[in-house]
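Shown next: run-v2.txt, containing compact mmCIF, C-alpha atoms and all ligand atoms.
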```txt
# COMPACT_ATOMS: atom_id res chain seq x y z
CA MET N 1 -4.30 -13.04 -3.03
CA MET N 2 -1.93 -14.58 -0.50
CA LYS N 3 -2.44 -18.28 0.25
CA PRO N 4 -0.87 -20.25 3.11
CA LEU N 5 2.53 -21.67 2.26
CA PRO N 6 3.61 -24.86 4.06
CA LEU N 7 6.50 -23.90 6.32
CA ASP N 8 8.69 -26.64 4.86
CA LYS N 9 8.53 -24.83 1.50
CA VAL N 10 9.76 -21.47 2.80
CA TYR N 11 13.39 -22.17 1.99
CA ARG N 12 12.57 -22.68 -1.67
CA PHE N 13 11.93 -18.96 -2.07
CA ILE N 14 14.99 -17.64 -0.29
CA GLU N 15 17.56 -20.36 -0.51
CA PRO N 16 20.69 -18.41 -1.30
CA GLY N 17 22.85 -19.16 -4.23
CA PRO N 18 24.94 -19.99 -5.96
CA VAL N 19 25.31 -23.70 -5.39
CA VAL N 20 28.95 -24.31 -4.53
CA LEU N 21 31.28 -27.26 -4.26
CA VAL N 22 33.19 -27.81 -1.03
CA THR N 23 36.47 -29.71 -1.07
CA THR N 24 38.19 -31.26 1.92
CA ALA N 25 41.38 -33.24 2.44
CA GLN N 26 42.68 -35.08 5.46
CA GLY N 27 46.14 -36.59 5.80
CA LYS N 28 46.95 -39.11 3.09
CA GLU N 29 43.31 -39.74 2.18
CA ARG N 30 42.18 -38.76 -1.30
CA PRO N 31 40.52 -35.33 -1.40
CA ASN N 32 36.73 -35.20 -1.43
CA VAL N 33 34.09 -32.82 -2.75
CA MET N 34 30.41 -32.22 -1.93
CA ALA N 35 27.68 -29.86 -3.11
CA MET N 36 26.41 -27.08 -0.85
CA SER N 37 23.66 -24.51 -1.19
CA TYR N 38 23.02 -23.48 2.43
CA HIS N 39 25.50 -20.66 2.83
CA MET N 40 25.52 -16.90 3.19
CA VAL N 41 27.92 -13.98 3.46
CA VAL N 42 28.06 -12.64 7.01
CA ASP N 43 30.90 -10.16 6.50
CA ASP N 44 31.97 -8.74 3.15
CA GLY N 45 35.16 -7.17 4.49
CA ASP N 46 38.71 -8.42 4.61
CA PRO N 47 38.70 -11.20 5.59
CA PRO N 48 35.28 -12.20 4.29
CA LEU N 49 33.19 -14.41 6.56
CA ILE N 50 30.79 -17.02 5.21
CA ALA N 51 28.25 -19.00 7.21
CA CYS N 52 27.59 -22.48 5.91
CA MET N 53 25.67 -25.54 6.92
CA LEU N 54 27.56 -28.81 6.69
CA GLY N 55 26.06 -31.82 8.41
CA PRO N 56 27.53 -34.94 10.03
CA TRP N 57 25.61 -37.02 7.43
CA ASP N 58 28.15 -35.83 4.86
CA TYR N 59 31.32 -37.89 4.64
CA SER N 60 33.13 -34.55 4.18
CA TYR N 61 32.21 -33.60 7.75
CA ARG N 62 34.93 -35.79 9.28
CA ALA N 63 37.79 -34.21 7.33
CA PHE N 64 36.27 -30.75 7.63
CA ARG N 65 36.08 -30.98 11.42
CA ALA N 66 39.48 -32.65 11.82
CA THR N 67 41.35 -30.12 9.67
CA GLY N 68 39.13 -27.07 10.22
CA GLU N 69 39.62 -26.28 6.54
CA CYS N 70 37.90 -26.49 3.20
CA VAL N 71 37.76 -24.85 -0.20
CA ILE N 72 34.53 -23.36 -1.49
CA ALA N 73 34.59 -23.65 -5.28
CA VAL N 74 32.03 -21.86 -7.44
CA PRO N 75 30.85 -23.93 -10.43
CA THR N 76 29.02 -22.50 -13.44
CA VAL N 77 26.00 -23.82 -15.31
CA ASP N 78 28.03 -26.12 -17.57
CA LEU N 79 28.87 -28.18 -14.45
CA ALA N 80 25.26 -28.35 -13.15
CA ALA N 81 24.66 -32.06 -13.75
CA LYS N 82 28.02 -32.93 -12.20
CA VAL N 83 27.27 -30.75 -9.17
CA VAL N 84 24.03 -32.60 -8.51
CA ALA N 85 25.72 -35.98 -8.97
CA ILE N 86 28.50 -34.90 -6.58
CA GLY N 87 25.82 -34.03 -4.04
CA ASN N 88 24.23 -37.44 -4.41
CA CYS N 89 27.13 -39.75 -3.73
CA SER N 90 29.65 -40.22 -0.97
CA GLY N 91 33.38 -39.78 -0.83
CA ALA N 92 33.39 -42.86 1.42
CA ASP N 93 33.06 -45.10 -1.63
CA THR N 94 33.69 -42.80 -4.59
CA ASP N 95 36.74 -40.90 -5.76
CA LYS N 96 34.72 -37.91 -6.88
CA PHE N 97 37.60 -35.96 -8.48
CA GLU N 98 38.31 -39.00 -10.66
CA THR N 99 34.69 -39.96 -11.33
CA PHE N 100 33.60 -36.46 -12.33
CA GLY N 101 36.78 -35.46 -14.14
CA LEU N 102 37.64 -32.60 -11.82
CA THR N 103 41.19 -31.25 -11.58
CA PRO N 104 42.48 -30.76 -8.01
CA LEU N 105 44.88 -27.81 -7.86
CA PRO N 106 47.09 -27.08 -4.84
CA ALA N 107 45.77 -24.33 -2.58
CA LYS N 108 48.05 -21.79 -0.93
CA MET N 109 46.85 -21.74 2.68
CA VAL N 110 44.89 -24.99 3.17
CA LYS N 111 45.35 -28.67 2.35
CA ALA N 112 42.00 -29.01 0.55
CA PRO N 113 42.38 -28.60 -3.22
CA LEU N 114 41.01 -25.92 -5.53
CA ILE N 115 38.91 -27.17 -8.44
CA GLY N 116 40.43 -26.21 -11.79
CA GLU N 117 37.09 -26.33 -13.66
CA CYS N 118 35.36 -23.81 -11.36
CA LEU N 119 34.98 -20.07 -11.86
CA ALA N 120 36.31 -19.15 -8.40
CA ASN N 121 37.86 -20.90 -5.39
CA PHE N 122 37.92 -19.66 -1.80
CA GLU N 123 40.29 -21.20 0.72
CA CYS N 124 38.53 -21.26 4.08
CA ARG N 125 39.23 -21.98 7.73
CA ILE N 126 36.62 -22.50 10.43
CA LYS N 127 36.49 -19.33 12.51
CA ASP N 128 33.55 -20.11 14.76
CA ASP N 129 31.83 -23.43 15.38
CA ARG N 130 29.52 -22.31 18.16
CA PRO N 131 26.35 -22.60 16.03
CA VAL N 132 27.20 -26.21 15.13
CA GLU N 133 25.53 -27.88 18.06
CA ASN N 134 22.13 -26.40 17.28
CA TYR N 135 22.29 -25.75 13.54
CA ASN N 136 25.19 -27.66 11.93
CA MET N 137 26.38 -24.20 11.01
CA PHE N 138 29.96 -22.97 10.77
CA ILE N 139 31.38 -19.50 10.27
CA LEU N 140 34.23 -19.69 7.77
CA GLU N 141 36.98 -17.15 7.22
CA VAL N 142 38.25 -16.88 3.65
CA VAL N 143 42.06 -16.88 3.85
CA ALA N 144 42.83 -16.86 0.11
CA ALA N 145 40.68 -16.45 -2.99
CA TRP N 146 41.09 -17.20 -6.69
CA VAL N 147 39.14 -16.49 -9.83
CA ASP N 148 39.59 -17.58 -13.45
CA PRO N 149 39.29 -14.33 -15.42
CA GLU N 150 39.60 -16.16 -18.75
CA ARG N 151 36.54 -18.34 -18.20
CA LYS N 152 33.84 -17.61 -20.78
CA GLU N 153 30.92 -19.28 -18.97
CA ARG N 154 30.27 -17.28 -15.80
CA ARG N 155 26.62 -18.01 -15.08
CA VAL N 156 26.18 -19.67 -11.70
CA ILE N 157 23.23 -21.81 -10.64
CA HIS N 158 20.81 -21.34 -7.75
CA HIS N 159 19.02 -24.27 -6.18
CA ARG N 160 15.25 -23.99 -5.86
CA GLY N 161 15.39 -26.64 -3.17
CA ASN N 162 13.87 -29.55 -5.06
CA GLY N 163 16.45 -30.53 -7.65
CA THR N 164 15.53 -27.70 -10.00
CA PHE N 165 17.79 -24.72 -10.52
CA VAL N 166 17.69 -21.14 -11.72
CA VAL N 167 20.51 -20.06 -13.99
CA ASP N 168 21.90 -16.54 -13.81
CA GLY N 169 20.18 -14.44 -16.44
CA ARG N 170 19.72 -10.80 -17.28
CA VAL N 171 21.85 -8.31 -15.34
CA LEU N 172 19.99 -5.31 -13.90
CA ASP N 173 22.26 -2.30 -13.45
CA ILE N 174 20.71 -0.13 -10.74
CA ARG N 175 24.02 1.20 -9.41
CA LYS N 176 22.92 4.82 -9.57
CA LYS N 177 20.40 4.14 -6.80
CA MET N 178 23.04 2.64 -4.48
CA THR N 179 23.71 6.05 -2.97
CA LYS N 180 23.93 4.90 0.63
CA TRP N 181 26.35 2.09 -0.24
CA PRO N 182 29.06 3.53 -2.53
CA THR N 183 31.55 0.87 -1.46
CA TYR N 184 29.29 -1.83 -2.91
CA ILE N 185 29.42 -0.40 -6.41
CA ARG N 186 33.20 -0.43 -6.69
CA ASP N 187 34.31 -2.78 -9.47
C1 LIG O 201 22.12 -28.98 -4.77
C2 LIG O 201 22.60 -29.59 -3.47
C3 LIG O 201 22.83 -28.77 -2.38
C4 LIG O 201 23.28 -29.31 -1.17
N1 LIG O 201 23.51 -28.49 -0.11
C5 LIG O 201 24.01 -28.99 1.04
C6 LIG O 201 24.30 -28.13 2.15
O1 LIG O 201 24.13 -26.93 2.08
N2 LIG O 201 24.80 -28.70 3.28
C7 LIG O 201 25.00 -30.06 3.40
O2 LIG O 201 25.46 -30.52 4.45
N3 LIG O 201 24.74 -30.89 2.37
C8 LIG O 201 24.25 -30.38 1.20
N4 LIG O 201 24.01 -31.20 0.14
C9 LIG O 201 24.20 -32.65 0.31
C10 LIG O 201 25.64 -33.11 0.12
O3 LIG O 201 26.23 -32.53 -1.02
C11 LIG O 201 25.58 -34.62 0.00
O4 LIG O 201 25.17 -35.18 1.24
C12 LIG O 201 26.88 -35.24 -0.49
O5 LIG O 201 26.60 -36.57 -0.89
C13 LIG O 201 27.95 -35.23 0.58
O6 LIG O 201 29.10 -35.81 0.02
P1 LIG O 201 30.14 -36.59 0.96
O7 LIG O 201 29.33 -37.66 1.67
O8 LIG O 201 31.17 -37.16 0.03
O9 LIG O 201 30.66 -35.57 1.91
C14 LIG O 201 23.53 -30.69 -1.07
C15 LIG O 201 23.30 -31.53 -2.19
C16 LIG O 201 22.83 -30.98 -3.37
C17 LIG O 201 22.59 -31.88 -4.55
```
Target encoding structure tokens, full file:
Amino acid sequence: MMKPLPLDKVYRFIEPGPVVLVTTAQGKERPNVMAMSYHMVVDDGDPPLIACMLGPWDYSYRAFRATGECVIAVPTVDLAAKVVAIGNCSGADTDKFETFGLTPLPAKMVKAPLIGECLANFECRIKDDRPVENYNMFILEVVAAWVDPERKERRVIHHRGNGTFVVDGRVLDIRKKMTKWPTYIRD
């Protein structure tokens, strides 16, 4: 039987994953990194477009707005505790790359660094900031992308909205039913 769900719990069922890290860098300041789970793909083509929510309460916001750039880095489950800690402190008073032992790697198209310990890194530029005023939402264009094919741990984590996480598990292969979407089943 269906029971009423408080509206402020809705997001816990559909919050998209995986949790990502977002790096920014402005001028001579040290680079910064924050955690982010409110994001979604809005175009899977070339270039890919990603919508994300990044608020002015984040110290990262300043550099993100000023440069119009960031890197979305995809951490795996081994980094889960660090990801949460990164999302619970501020770059205003903490050198997060140093504190959390992350390796900043130079990006190709943006000033923000890649994170060496992550599975994948996407260099992004703000393409559309019209939804910002109402929703703190930006549309990002991915201008370069990197993946570490050697990495053994590849399970990403999905936030359940309350500090608990779901770890990638069993893979269901239902490709044969994807008849309408053959381009999605390309490897
Ligand atoms: C799991 C998790 C997910 C988060 N998702 C977002 C998000 O989608 N958007 C956002 O603005 N902040 C999000 N945050 C909060 C920021 O990561 C947090 O405010 C962080 O301290 C900002 O760092 P900064 O002040 O150095 O920029 C999240 C935090 C955690 C722990």
Protein and nucleic residues near ligand LIG 201 (chain O), 6 Å, all atoms listed in the file, as a list in words: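 If we count all atoms listed in the file, the neighbours of ligand LIG 201 (chain O) turn out to be Val33, Met34, Ala35, Met36, Ser37, Tyr38, Met53, Leu54, Gly55, Asp58, Tyr59, Ser60, Val84, Gly87, Asn88, Cys89, Ser90, Gly91 and His159 of chain N.
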Suppose we keep C-alpha atoms; can you now write the selection as a PDB file, in the coordinates of the input?
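Printed below is out_32.pdb as written:
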```pdb
ATOM      1  CA  VAL N  33      34.090 -32.820  -2.750  1.00  0.00           C
ATOM      2  CA  MET N  34      30.410 -32.220  -1.930  1.00  0.00           C
ATOM      3  CA  ALA N  35      27.680 -29.860  -3.110  1.00  0.00           C
ATOM      4  CA  MET N  36      26.410 -27.080  -0.850  1.00  0.00           C
ATOM      5  CA  SER N  37      23.660 -24.510  -1.190  1.00  0.00           C
ATOM      6  CA  TYR N  38      23.020 -23.480   2.430  1.00  0.00           C
ATOM      7  CA  MET N  53      25.670 -25.540   6.920  1.00  0.00           C
ATOM      8  CA  LEU N  54      27.560 -28.810   6.690  1.00  0.00           C
ATOM      9  CA  GLY N  55      26.060 -31.820   8.410  1.00  0.00           C
ATOM     10  CA  ASP N  58      28.150 -35.830   4.860  1.00  0.00           C
ATOM     11  CA  TYR N  59      31.320 -37.890   4.640  1.00  0.00           C
ATOM     12  CA  SER N  60      33.130 -34.550   4.180  1.00  0.00           C
ATOM     13  CA  VAL N  84      24.030 -32.600  -8.510  1.00  0.00           C
ATOM     14  CA  GLY N  87      25.820 -34.030  -4.040  1.00  0.00           C
ATOM     15  CA  ASN N  88      24.230 -37.440  -4.410  1.00  0.00           C
ATOM     16  CA  CYS N  89      27.130 -39.750  -3.730  1.00  0.00           C
ATOM     17  CA  SER N  90      29.650 -40.220  -0.970  1.00  0.00           C
ATOM     18  CA  GLY N  91      33.380 -39.780  -0.830  1.00  0.00           C
ATOM     19  CA  HIS N 159      19.020 -24.270  -6.180  1.00  0.00           C
TER      20      HIS N 159
END
```
What is the CA of Ala85 in chain N-CA of Phe100 in chain N distance in Å, reported with one decimal? 8.6 Å
Could you list, as number ranges by chain, every residue within 12 Å of Val19 in chain N, counting all atoms listed in the file and ignoring same-chain residues fewer than 2 positions away? N: 15-17, 21-22, 34-40, 52, 72-77, 79-84, 86-87, 118, 155-161, 163-168
Suppose you want the space between CA of Asn121 in chain N and CA of Val71 in chain N; what is it in Å? 6.5 Å
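Rounded to one decimal, CA of Pro31 in chain N and CA of Pro104 in chain N lie 8.3 Å from each other.
Minimum atom-to-atom distances from N:Met109, N:Ile50, N:Pro56, N:Arg12 to Tyr135 in chain N were compared using only C-alpha atoms, and the lowest value belongs to N:Pro56.
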Taking the point (38.5, -31.3, 7.9) as given in the file, collect each protein or nucleic acid residue that comes within 12 Å of it, counting all atoms listed in the file, and present the set as a count of residues only. 32
Excluding Asp148 in chain N and residues on its chain fewer than 4 positions from it, collect all residues at most 10 Å away from it, counting only C-alpha atoms, and give them as a list in words. Gly116, Glu117, Cys118, Leu119, Ala120, Asn121, Lys152 and Arg154 of chain N
Grab all the atoms of range 137-142 of chain N that the file lists, wrap them in a box along x, y and z, add 3 Å per side, and give me centre plus edge lengths in Å (one decimal) as JSON.
```
{"center_x": 32.3, "center_y": -20.5, "center_z": 7.3, "size_x": 17.9, "size_y": 13.3, "size_z": 13.4}
```
Sel. within 6 Å of pt (31.9, -20.2, 10.5), counting only C-alpha atoms, output as a ChimeraX atom specification: /N:51,126-129,138-140
